[in-house]
Amino acid sequence: MPSFDLGAHGLRALNSNLHALKGQTNETQWDIVNPRGSHAIAVGVDAPVDITVHGSTGYYCAGMNKQATVRVKGSAGPGVAENMMSGTVIVDGDASQYAGATGRGGLLVIKGNASSRCGISMKGIDIVVHGSIGHMSAFMAQSGNLVVLGDAGDALGDSLYEARLFVRGNVKSLGADCIEKEMRAEHLEILENLLRRGEADAKARPEEFRRYGSARKLYNFNIDNASAY
Amino acid sequence: MSDFPHTPPRQSWTFSNDTNAEIRRAAASGIYDIRGGGSKRRLPHFDDLLFLGASISRYPLEGYREKCATDVWLGTRYAQKPIHLDIPVTIAGMSFGSLSGPAKEALGRGATLAGTSTTTGDGGMTEEERGHSKTLVYQYLPSRYGMNPDDLRRADAIELVVGQGAKPGGGGMLLGQKISDRVAEMRTLPKGIDQRSACRHPDWTGPDDMEIKILELREITDWQTPIYVKVGGARPYYDTALSVKAGADVVVLDGMQGGTAATQDVFIEHVGQPTLACIPQAVKALQDLGMHRKVQLVVSGGIRTGADVAKALALGADAVSIGTAALVALGDNDPALEEEYRKLGTTAGAYDDWHEGKDPAGITTQDPELFSRFDPVMGGRRLANYLKVMTLEAQTLARACGKNHLHNLEPEDLCALTVEAAAMAGVPLAGTSWIPGRGGY
């Protein structure tokens, strides 16, 4: 089990070592100590390894992750798991703004709260937030699922495309073209699966959520919708 | 009835025929005009500058005999694998989606034949483009359509796009009629809907964040790949300085003559500064920071000839980039297609409704019937020819000024034909030693 002291060896050495992991490797468990809020920790990893960061991180932790499971034992700065392709990222604490931005796959779990613009422009990633999320979350979200056990801030799902939003608590306001939609059996099935994988099944049941999605009225420009823009 | 002649009909300068036609069009449709291309208005430009040439105090180099080098290195500041190009004319970012697959292939072929780079666009990297481009710059855009670490790593450079000259501060729109199955899949969106490209990046705001974003991209690519920052010609002094501060290897500066696939005409014509006005400000920022020639400057927006190339380099750019001119070289707006342009209600040279996807030249379309007309091999050859002519022209001018490398051209080799151009370019008005704003006459 490699233990990497980020304070002693620096970011370049860390990411260089992680990028060297290809396919079958025996170094599957990585512990990163002394992260000291550094930016770009474990970015661009492309190997089925488990990485645990013992402390809080700065911007873009696990950015563009593929295959790896990254757990942050602390809070994460802006853009955690941005553009993630696959794998899993778990934040034990809170996440700052843009969590999971533009993510194309994989699962992001935030045990605390997420700030504004959580899931902005998401493109296939699944995000489970145990707490609440800030304003403008899922802005222009294209696909994937955002599950929020707490509340959502202003303008949820503004200019949404085909992403599914599930919120258990209150939604302060919906953004342009985002509406509440019928919760059907297939959605409950998706929720059940995500709650289990997001380590939240003991906290909430699928039936407690409401579903939001795109009204699809802004998909093609229409001058009569000008006031919505 | 008087025998005196009537006052002849007089058109208003303010309410010109074009202006009135647009008022009528707006009144009938209720929507602003959307089009492609760059600014069409008369702007101070490279045509307003002249080279002085050699004289008693400057001796020229012999054409066809004495060498005038044209190569350029880009990305020498931090990247472990900077780019070396044979010529300082690159192909600007244009998306697959706005352009057809064969057109993107032709750009790659032509650039490679001429020894230069081409650039992806909003919509991701296509195999035909990567496959036919020896040197490919991968744009990192606010939309992040198709963005993935594998393409980042197989790019020869990364261009972080903050803005573009046609619409500094604006995003993009690819209308539904151009969203084929393939385009939709690459962008993770349904077929046939209007696809918006955001005007801001989703996960950073401002220069301090941009520095961290550049750090992330460098870490993902193991510091191998040059990172460019592209800005529109809004505040070139500060945007250049902030890009340098954020860690850019190269600044790409796009003036308001730079084209776009589609945006509002009012945006194209009323936001940003002319390319000529942008260059000296960017060069001054680099010089003030002691980074001129260390962080390279690539200029785009209205580059058409070798003269434009030479003038941009004389003002301090390291290279230029062409978009609209490259499309014309491929066959866009060719008078041979006049009959078809007429059917679209336009004429060759004026066709700019690229967003509608009906391009008879098969370049700005996703219609298989139309893009199959376009031959990417021939298109690539035409582009390579054009790039070589531009280079020869620039060399001709540089030799006349006694320079054995295009980069040895300097502002002192230039004069301006108009007061405006003299002020913007920071070179003397012809026949004087006067640079407006700098005193002396």
# chains A, B, ... in the order shown; residues from 1 in each chain; ligands from 1
>>> closest_atom_pairs(of="segment 13-120 of chain A", to="segment 139-149 of chain A", cutoff="10 Å", atoms="only C-alpha atoms", output="tab-separated table")
residue	atom	partner	partner_atom	distance
A:Gly100	CA	A:Leu146	CA	9.9
A:Ala101	CA	A:Ala141	CA	9.0
A:Thr102	CA	A:Ala141	CA	8.0
A:Gly103	CA	A:Gly144	CA	8.8
A:Arg104	CA	A:Gly144	CA	8.0
A:Gly105	CA	A:Gly144	CA	7.8
A:Gly106	CA	A:Gly144	CA	9.6
A:Leu107	CA	A:Asn145	CA	9.5
A:Leu108	CA	A:Leu146	CA	9.5
A:Val109	CA	A:Val147	CA	9.5
A:Ile110	CA	A:Val148	CA	9.6
A:Lys111	CA	A:Leu149	CA	9.9
A:Asn113	CA	A:Val148	CA	9.3
A:Ala114	CA	A:Val148	CA	9.5
A:Ser116	CA	A:Phe139	CA	9.9
A:Arg117	CA	A:Phe139	CA	6.7
A:Cys118	CA	A:Phe139	CA	8.3
A:Gly119	CA	A:Ala141	CA	6.8
A:Ile120	CA	A:Phe139	CA	4.8
>>> interface_residues(of="chain A", to="chain B", cutoff="7 Å", atoms="only C-alpha atoms", output="PyMOL selection string")
chain A and resi 12+15-16+40+43-44+64+79+98+101-102+120+123+142+219-220+223
>>> write_last_selection(atoms="N, CA and C atoms", output="PDB file, in the first residue's frame")
ATOM      1  N   ARG A  12       3.689  17.137  -8.545  1.00  0.00           N
ATOM      2  CA  ARG A  12       4.161  16.565  -9.817  1.00  0.00           C
ATOM      3  C   ARG A  12       4.546  15.101  -9.630  1.00  0.00           C
ATOM      4  N   ASN A  15       1.184  12.925  -9.189  1.00  0.00           N
ATOM      5  CA  ASN A  15       0.432  12.635 -10.410  1.00  0.00           C
ATOM      6  C   ASN A  15       1.261  11.830 -11.404  1.00  0.00           C
ATOM      7  N   SER A  16       2.545  12.059 -11.432  1.00  0.00           N
ATOM      8  CA  SER A  16       3.409  11.273 -12.310  1.00  0.00           C
ATOM      9  C   SER A  16       3.370   9.799 -11.931  1.00  0.00           C
ATOM     10  N   ALA A  40      -5.481  20.072  -7.875  1.00  0.00           N
ATOM     11  CA  ALA A  40      -5.164  19.080  -8.916  1.00  0.00           C
ATOM     12  C   ALA A  40      -4.570  17.787  -8.351  1.00  0.00           C
ATOM     13  N   VAL A  43      -5.327  14.009 -10.539  1.00  0.00           N
ATOM     14  CA  VAL A  43      -6.056  14.332 -11.782  1.00  0.00           C
ATOM     15  C   VAL A  43      -5.551  13.443 -12.928  1.00  0.00           C
ATOM     16  N   GLY A  44      -6.476  13.097 -13.801  1.00  0.00           N
ATOM     17  CA  GLY A  44      -6.094  12.333 -14.985  1.00  0.00           C
ATOM     18  C   GLY A  44      -5.672  10.913 -14.704  1.00  0.00           C
ATOM     19  N   MET A  64     -11.094  14.630 -14.328  1.00  0.00           N
ATOM     20  CA  MET A  64     -11.005  13.719 -15.480  1.00  0.00           C
ATOM     21  C   MET A  64     -10.686  12.280 -15.082  1.00  0.00           C
ATOM     22  N   GLY A  79     -14.722  22.240  -8.197  1.00  0.00           N
ATOM     23  CA  GLY A  79     -14.498  21.382  -9.356  1.00  0.00           C
ATOM     24  C   GLY A  79     -14.033  19.984  -9.031  1.00  0.00           C
ATOM     25  N   TYR A  98     -19.083  23.927  -8.367  1.00  0.00           N
ATOM     26  CA  TYR A  98     -18.821  23.169  -9.609  1.00  0.00           C
ATOM     27  C   TYR A  98     -18.529  21.676  -9.381  1.00  0.00           C
ATOM     28  N   ALA A 101     -18.623  19.048 -12.351  1.00  0.00           N
ATOM     29  CA  ALA A 101     -18.884  19.817 -13.572  1.00  0.00           C
ATOM     30  C   ALA A 101     -18.485  19.033 -14.814  1.00  0.00           C
ATOM     31  N   THR A 102     -19.359  19.025 -15.788  1.00  0.00           N
ATOM     32  CA  THR A 102     -19.169  18.428 -17.124  1.00  0.00           C
ATOM     33  C   THR A 102     -18.845  16.936 -17.080  1.00  0.00           C
ATOM     34  N   ILE A 120     -22.963  21.254 -12.862  1.00  0.00           N
ATOM     35  CA  ILE A 120     -23.126  22.163 -14.009  1.00  0.00           C
ATOM     36  C   ILE A 120     -22.654  21.478 -15.291  1.00  0.00           C
ATOM     37  N   LYS A 123     -22.621  15.611 -18.115  1.00  0.00           N
ATOM     38  CA  LYS A 123     -22.800  14.913 -19.390  1.00  0.00           C
ATOM     39  C   LYS A 123     -22.808  13.408 -19.202  1.00  0.00           C
ATOM     40  N   GLN A 142     -26.726  18.054 -19.178  1.00  0.00           N
ATOM     41  CA  GLN A 142     -27.102  17.364 -20.416  1.00  0.00           C
ATOM     42  C   GLN A 142     -27.620  15.951 -20.191  1.00  0.00           C
ATOM     43  N   TYR A 219     -35.622  24.101 -26.380  1.00  0.00           N
ATOM     44  CA  TYR A 219     -34.695  23.301 -27.175  1.00  0.00           C
ATOM     45  C   TYR A 219     -34.426  23.909 -28.548  1.00  0.00           C
ATOM     46  N   ASN A 220     -35.405  24.579 -29.083  1.00  0.00           N
ATOM     47  CA  ASN A 220     -35.213  25.278 -30.358  1.00  0.00           C
ATOM     48  C   ASN A 220     -35.664  26.713 -30.184  1.00  0.00           C
ATOM     49  N   ILE A 223     -38.889  33.014 -30.765  1.00  0.00           N
ATOM     50  CA  ILE A 223     -38.921  34.401 -30.307  1.00  0.00           C
ATOM     51  C   ILE A 223     -39.956  34.599 -29.213  1.00  0.00           C
TER      52      ILE A 223
END
>>> atom_distance(atom1="atom CA of Leu21 of chain A", atom2="atom CA of Val91 of chain A")
22.8 Å
>>> atom_distance(atom1="atom CA of Ala350 of chain B", atom2="atom CA of Leu370 of chain B")
19.0 Å
>>> residues_around(residues="Thr324 of chain B", least_positions_apart="6", cutoff="12 Å", atoms="only C-alpha atoms", output="PDB file with C-alpha atoms, in the first residue's frame")
ATOM      1  CA  GLY B  36     -21.463  33.386 -39.760  1.00  0.00           C
ATOM      2  CA  GLY B  37     -18.165  35.055 -40.535  1.00  0.00           C
ATOM      3  CA  GLY B  38     -16.591  38.123 -39.019  1.00  0.00           C
ATOM      4  CA  SER B  39     -17.159  41.857 -39.142  1.00  0.00           C
ATOM      5  CA  ILE B  91      -5.259  27.118 -38.978  1.00  0.00           C
ATOM      6  CA  ALA B  92      -7.682  28.497 -36.395  1.00  0.00           C
ATOM      7  CA  GLY B  93     -10.161  26.483 -34.360  1.00  0.00           C
ATOM      8  CA  MET B  94     -13.328  25.568 -36.214  1.00  0.00           C
ATOM      9  CA  LEU B  99     -17.872  22.298 -40.544  1.00  0.00           C
ATOM     10  CA  LEU B 107      -7.837  21.473 -43.060  1.00  0.00           C
ATOM     11  CA  ALA B 166     -16.220  37.715 -33.500  1.00  0.00           C
ATOM     12  CA  GLN B 257     -12.579  40.490 -38.048  1.00  0.00           C
ATOM     13  CA  GLY B 258     -12.233  36.916 -36.820  1.00  0.00           C
ATOM     14  CA  GLY B 259     -15.051  34.678 -37.944  1.00  0.00           C
ATOM     15  CA  THR B 260     -17.590  32.518 -36.172  1.00  0.00           C
ATOM     16  CA  ALA B 261     -19.858  29.714 -37.276  1.00  0.00           C
ATOM     17  CA  SER B 300      -5.929  36.075 -35.937  1.00  0.00           C
ATOM     18  CA  GLY B 301      -8.826  38.015 -37.391  1.00  0.00           C
ATOM     19  CA  GLY B 302      -8.798  39.102 -41.018  1.00  0.00           C
ATOM     20  CA  ILE B 303      -5.484  37.592 -42.117  1.00  0.00           C
ATOM     21  CA  ARG B 304      -5.714  37.115 -45.897  1.00  0.00           C
ATOM     22  CA  LEU B 330     -11.201  25.248 -49.667  1.00  0.00           C
ATOM     23  CA  GLY B 331     -13.920  26.628 -51.940  1.00  0.00           C
ATOM     24  CA  ASP B 332     -16.299  28.560 -49.717  1.00  0.00           C
ATOM     25  CA  ASN B 333     -18.180  31.340 -51.537  1.00  0.00           C
ATOM     26  CA  GLY B 349     -18.794  36.307 -51.648  1.00  0.00           C
ATOM     27  CA  ASP B 352     -22.817  33.792 -44.539  1.00  0.00           C
ATOM     28  CA  TRP B 354     -23.452  28.916 -42.455  1.00  0.00           C
ATOM     29  CA  ILE B 363     -17.991  22.902 -46.166  1.00  0.00           C
ATOM     30  CA  THR B 364     -20.312  24.371 -43.529  1.00  0.00           C
ATOM     31  CA  LEU B 383      -5.167  25.035 -48.730  1.00  0.00           C
TER      32      LEU B 383
END
>>> residues_around(residues="Lys181 of chain A", least_positions_apart="6", cutoff="12 Å", atoms="only C-alpha atoms", output="list of chain:residue names")
A:Arg164, A:Leu165, A:Phe166, A:Val167, A:His187, A:Phe209, A:Arg210, A:Arg211, A:Tyr212, A:Gly213, A:Ser214, A:Ala215
>>> residues_around(residues="segment 245-256 of chain B", least_positions_apart="6", cutoff="7 Å", atoms="only C-alpha atoms", output="ChimeraX atom specification")
/B:38-39,74-78,164-166,207-208,210-211,214,226-233,272-275,278,295-301
>>> write_last_selection(atoms="C-alpha atoms", output="PDB file, in the first residue's frame")
ATOM      1  CA  GLY B  38     -16.591  38.123 -39.019  1.00  0.00           C
ATOM      2  CA  SER B  39     -17.159  41.857 -39.142  1.00  0.00           C
ATOM      3  CA  LEU B  74       5.351  27.705 -29.966  1.00  0.00           C
ATOM      4  CA  GLY B  75       5.136  26.683 -26.325  1.00  0.00           C
ATOM      5  CA  THR B  76       8.730  27.059 -25.228  1.00  0.00           C
ATOM      6  CA  ARG B  77       7.927  28.544 -21.824  1.00  0.00           C
ATOM      7  CA  TYR B  78       6.881  25.477 -19.834  1.00  0.00           C
ATOM      8  CA  GLN B 164     -13.042  34.844 -29.775  1.00  0.00           C
ATOM      9  CA  GLY B 165     -12.845  37.986 -31.816  1.00  0.00           C
ATOM     10  CA  ALA B 166     -16.220  37.715 -33.500  1.00  0.00           C
ATOM     11  CA  PRO B 207      -7.581  34.931 -13.812  1.00  0.00           C
ATOM     12  CA  ASP B 208      -6.705  33.336 -10.488  1.00  0.00           C
ATOM     13  CA  MET B 210      -7.562  30.145 -14.718  1.00  0.00           C
ATOM     14  CA  GLU B 211      -4.082  29.677 -13.297  1.00  0.00           C
ATOM     15  CA  ILE B 214      -3.944  25.537 -16.385  1.00  0.00           C
ATOM     16  CA  PRO B 226       1.983  23.515 -24.713  1.00  0.00           C
ATOM     17  CA  ILE B 227      -1.001  25.368 -23.352  1.00  0.00           C
ATOM     18  CA  TYR B 228      -2.369  28.314 -25.296  1.00  0.00           C
ATOM     19  CA  VAL B 229      -4.923  30.809 -24.016  1.00  0.00           C
ATOM     20  CA  LYS B 230      -7.187  32.271 -26.673  1.00  0.00           C
ATOM     21  CA  VAL B 231      -8.848  35.624 -26.068  1.00  0.00           C
ATOM     22  CA  GLY B 232     -11.061  37.845 -28.163  1.00  0.00           C
ATOM     23  CA  GLY B 233      -9.872  41.350 -28.919  1.00  0.00           C
ATOM     24  CA  GLY B 272     -14.430  43.972 -29.771  1.00  0.00           C
ATOM     25  CA  GLN B 273     -11.557  45.817 -31.373  1.00  0.00           C
ATOM     26  CA  PRO B 274      -9.985  45.569 -34.828  1.00  0.00           C
ATOM     27  CA  THR B 275      -7.072  43.168 -35.069  1.00  0.00           C
ATOM     28  CA  CYS B 278      -5.099  44.676 -30.638  1.00  0.00           C
ATOM     29  CA  VAL B 295       5.375  33.601 -24.385  1.00  0.00           C
ATOM     30  CA  GLN B 296       4.485  33.489 -28.045  1.00  0.00           C
ATOM     31  CA  LEU B 297       1.717  35.613 -29.540  1.00  0.00           C
ATOM     32  CA  VAL B 298      -0.508  34.223 -32.281  1.00  0.00           C
ATOM     33  CA  VAL B 299      -2.775  36.759 -33.962  1.00  0.00           C
ATOM     34  CA  SER B 300      -5.929  36.075 -35.937  1.00  0.00           C
ATOM     35  CA  GLY B 301      -8.826  38.015 -37.391  1.00  0.00           C
TER      36      GLY B 301
END
>>> residues_around(residues="Phe46 of chain B", least_positions_apart="4", cutoff="7 Å", atoms="only C-alpha atoms", output="ChimeraX atom specification")
/B:276,308,311
>>> residues_around(residues="Ser180 of chain B", least_positions_apart="6", cutoff="9 Å", atoms="only C-alpha atoms", output="list in words")
Gly97, Lys191, Gly192, Gln366 and Asp367 of chain B
>>> select_by_dssp(residues="segment 120-232 of chain B", states="strand (DSSP E)", output="PyMOL selection string")
chain B and resi 136-140+157-161+172-174+195-197+227-232
>>> atom_distance(atom1="atom CA of Val283 of chain B", atom2="atom CA of Gly323 of chain B")
22.1 Å
>>> select_by_dssp(residues="segment 39-199 of chain A", states="helix (DSSP H, G or I)", output="list in words")
Ala185, Glu186, His187, Leu188, Glu189, Ile190, Leu191, Glu192, Asn193, Leu194, Leu195, Arg196 and Arg197 of chain A
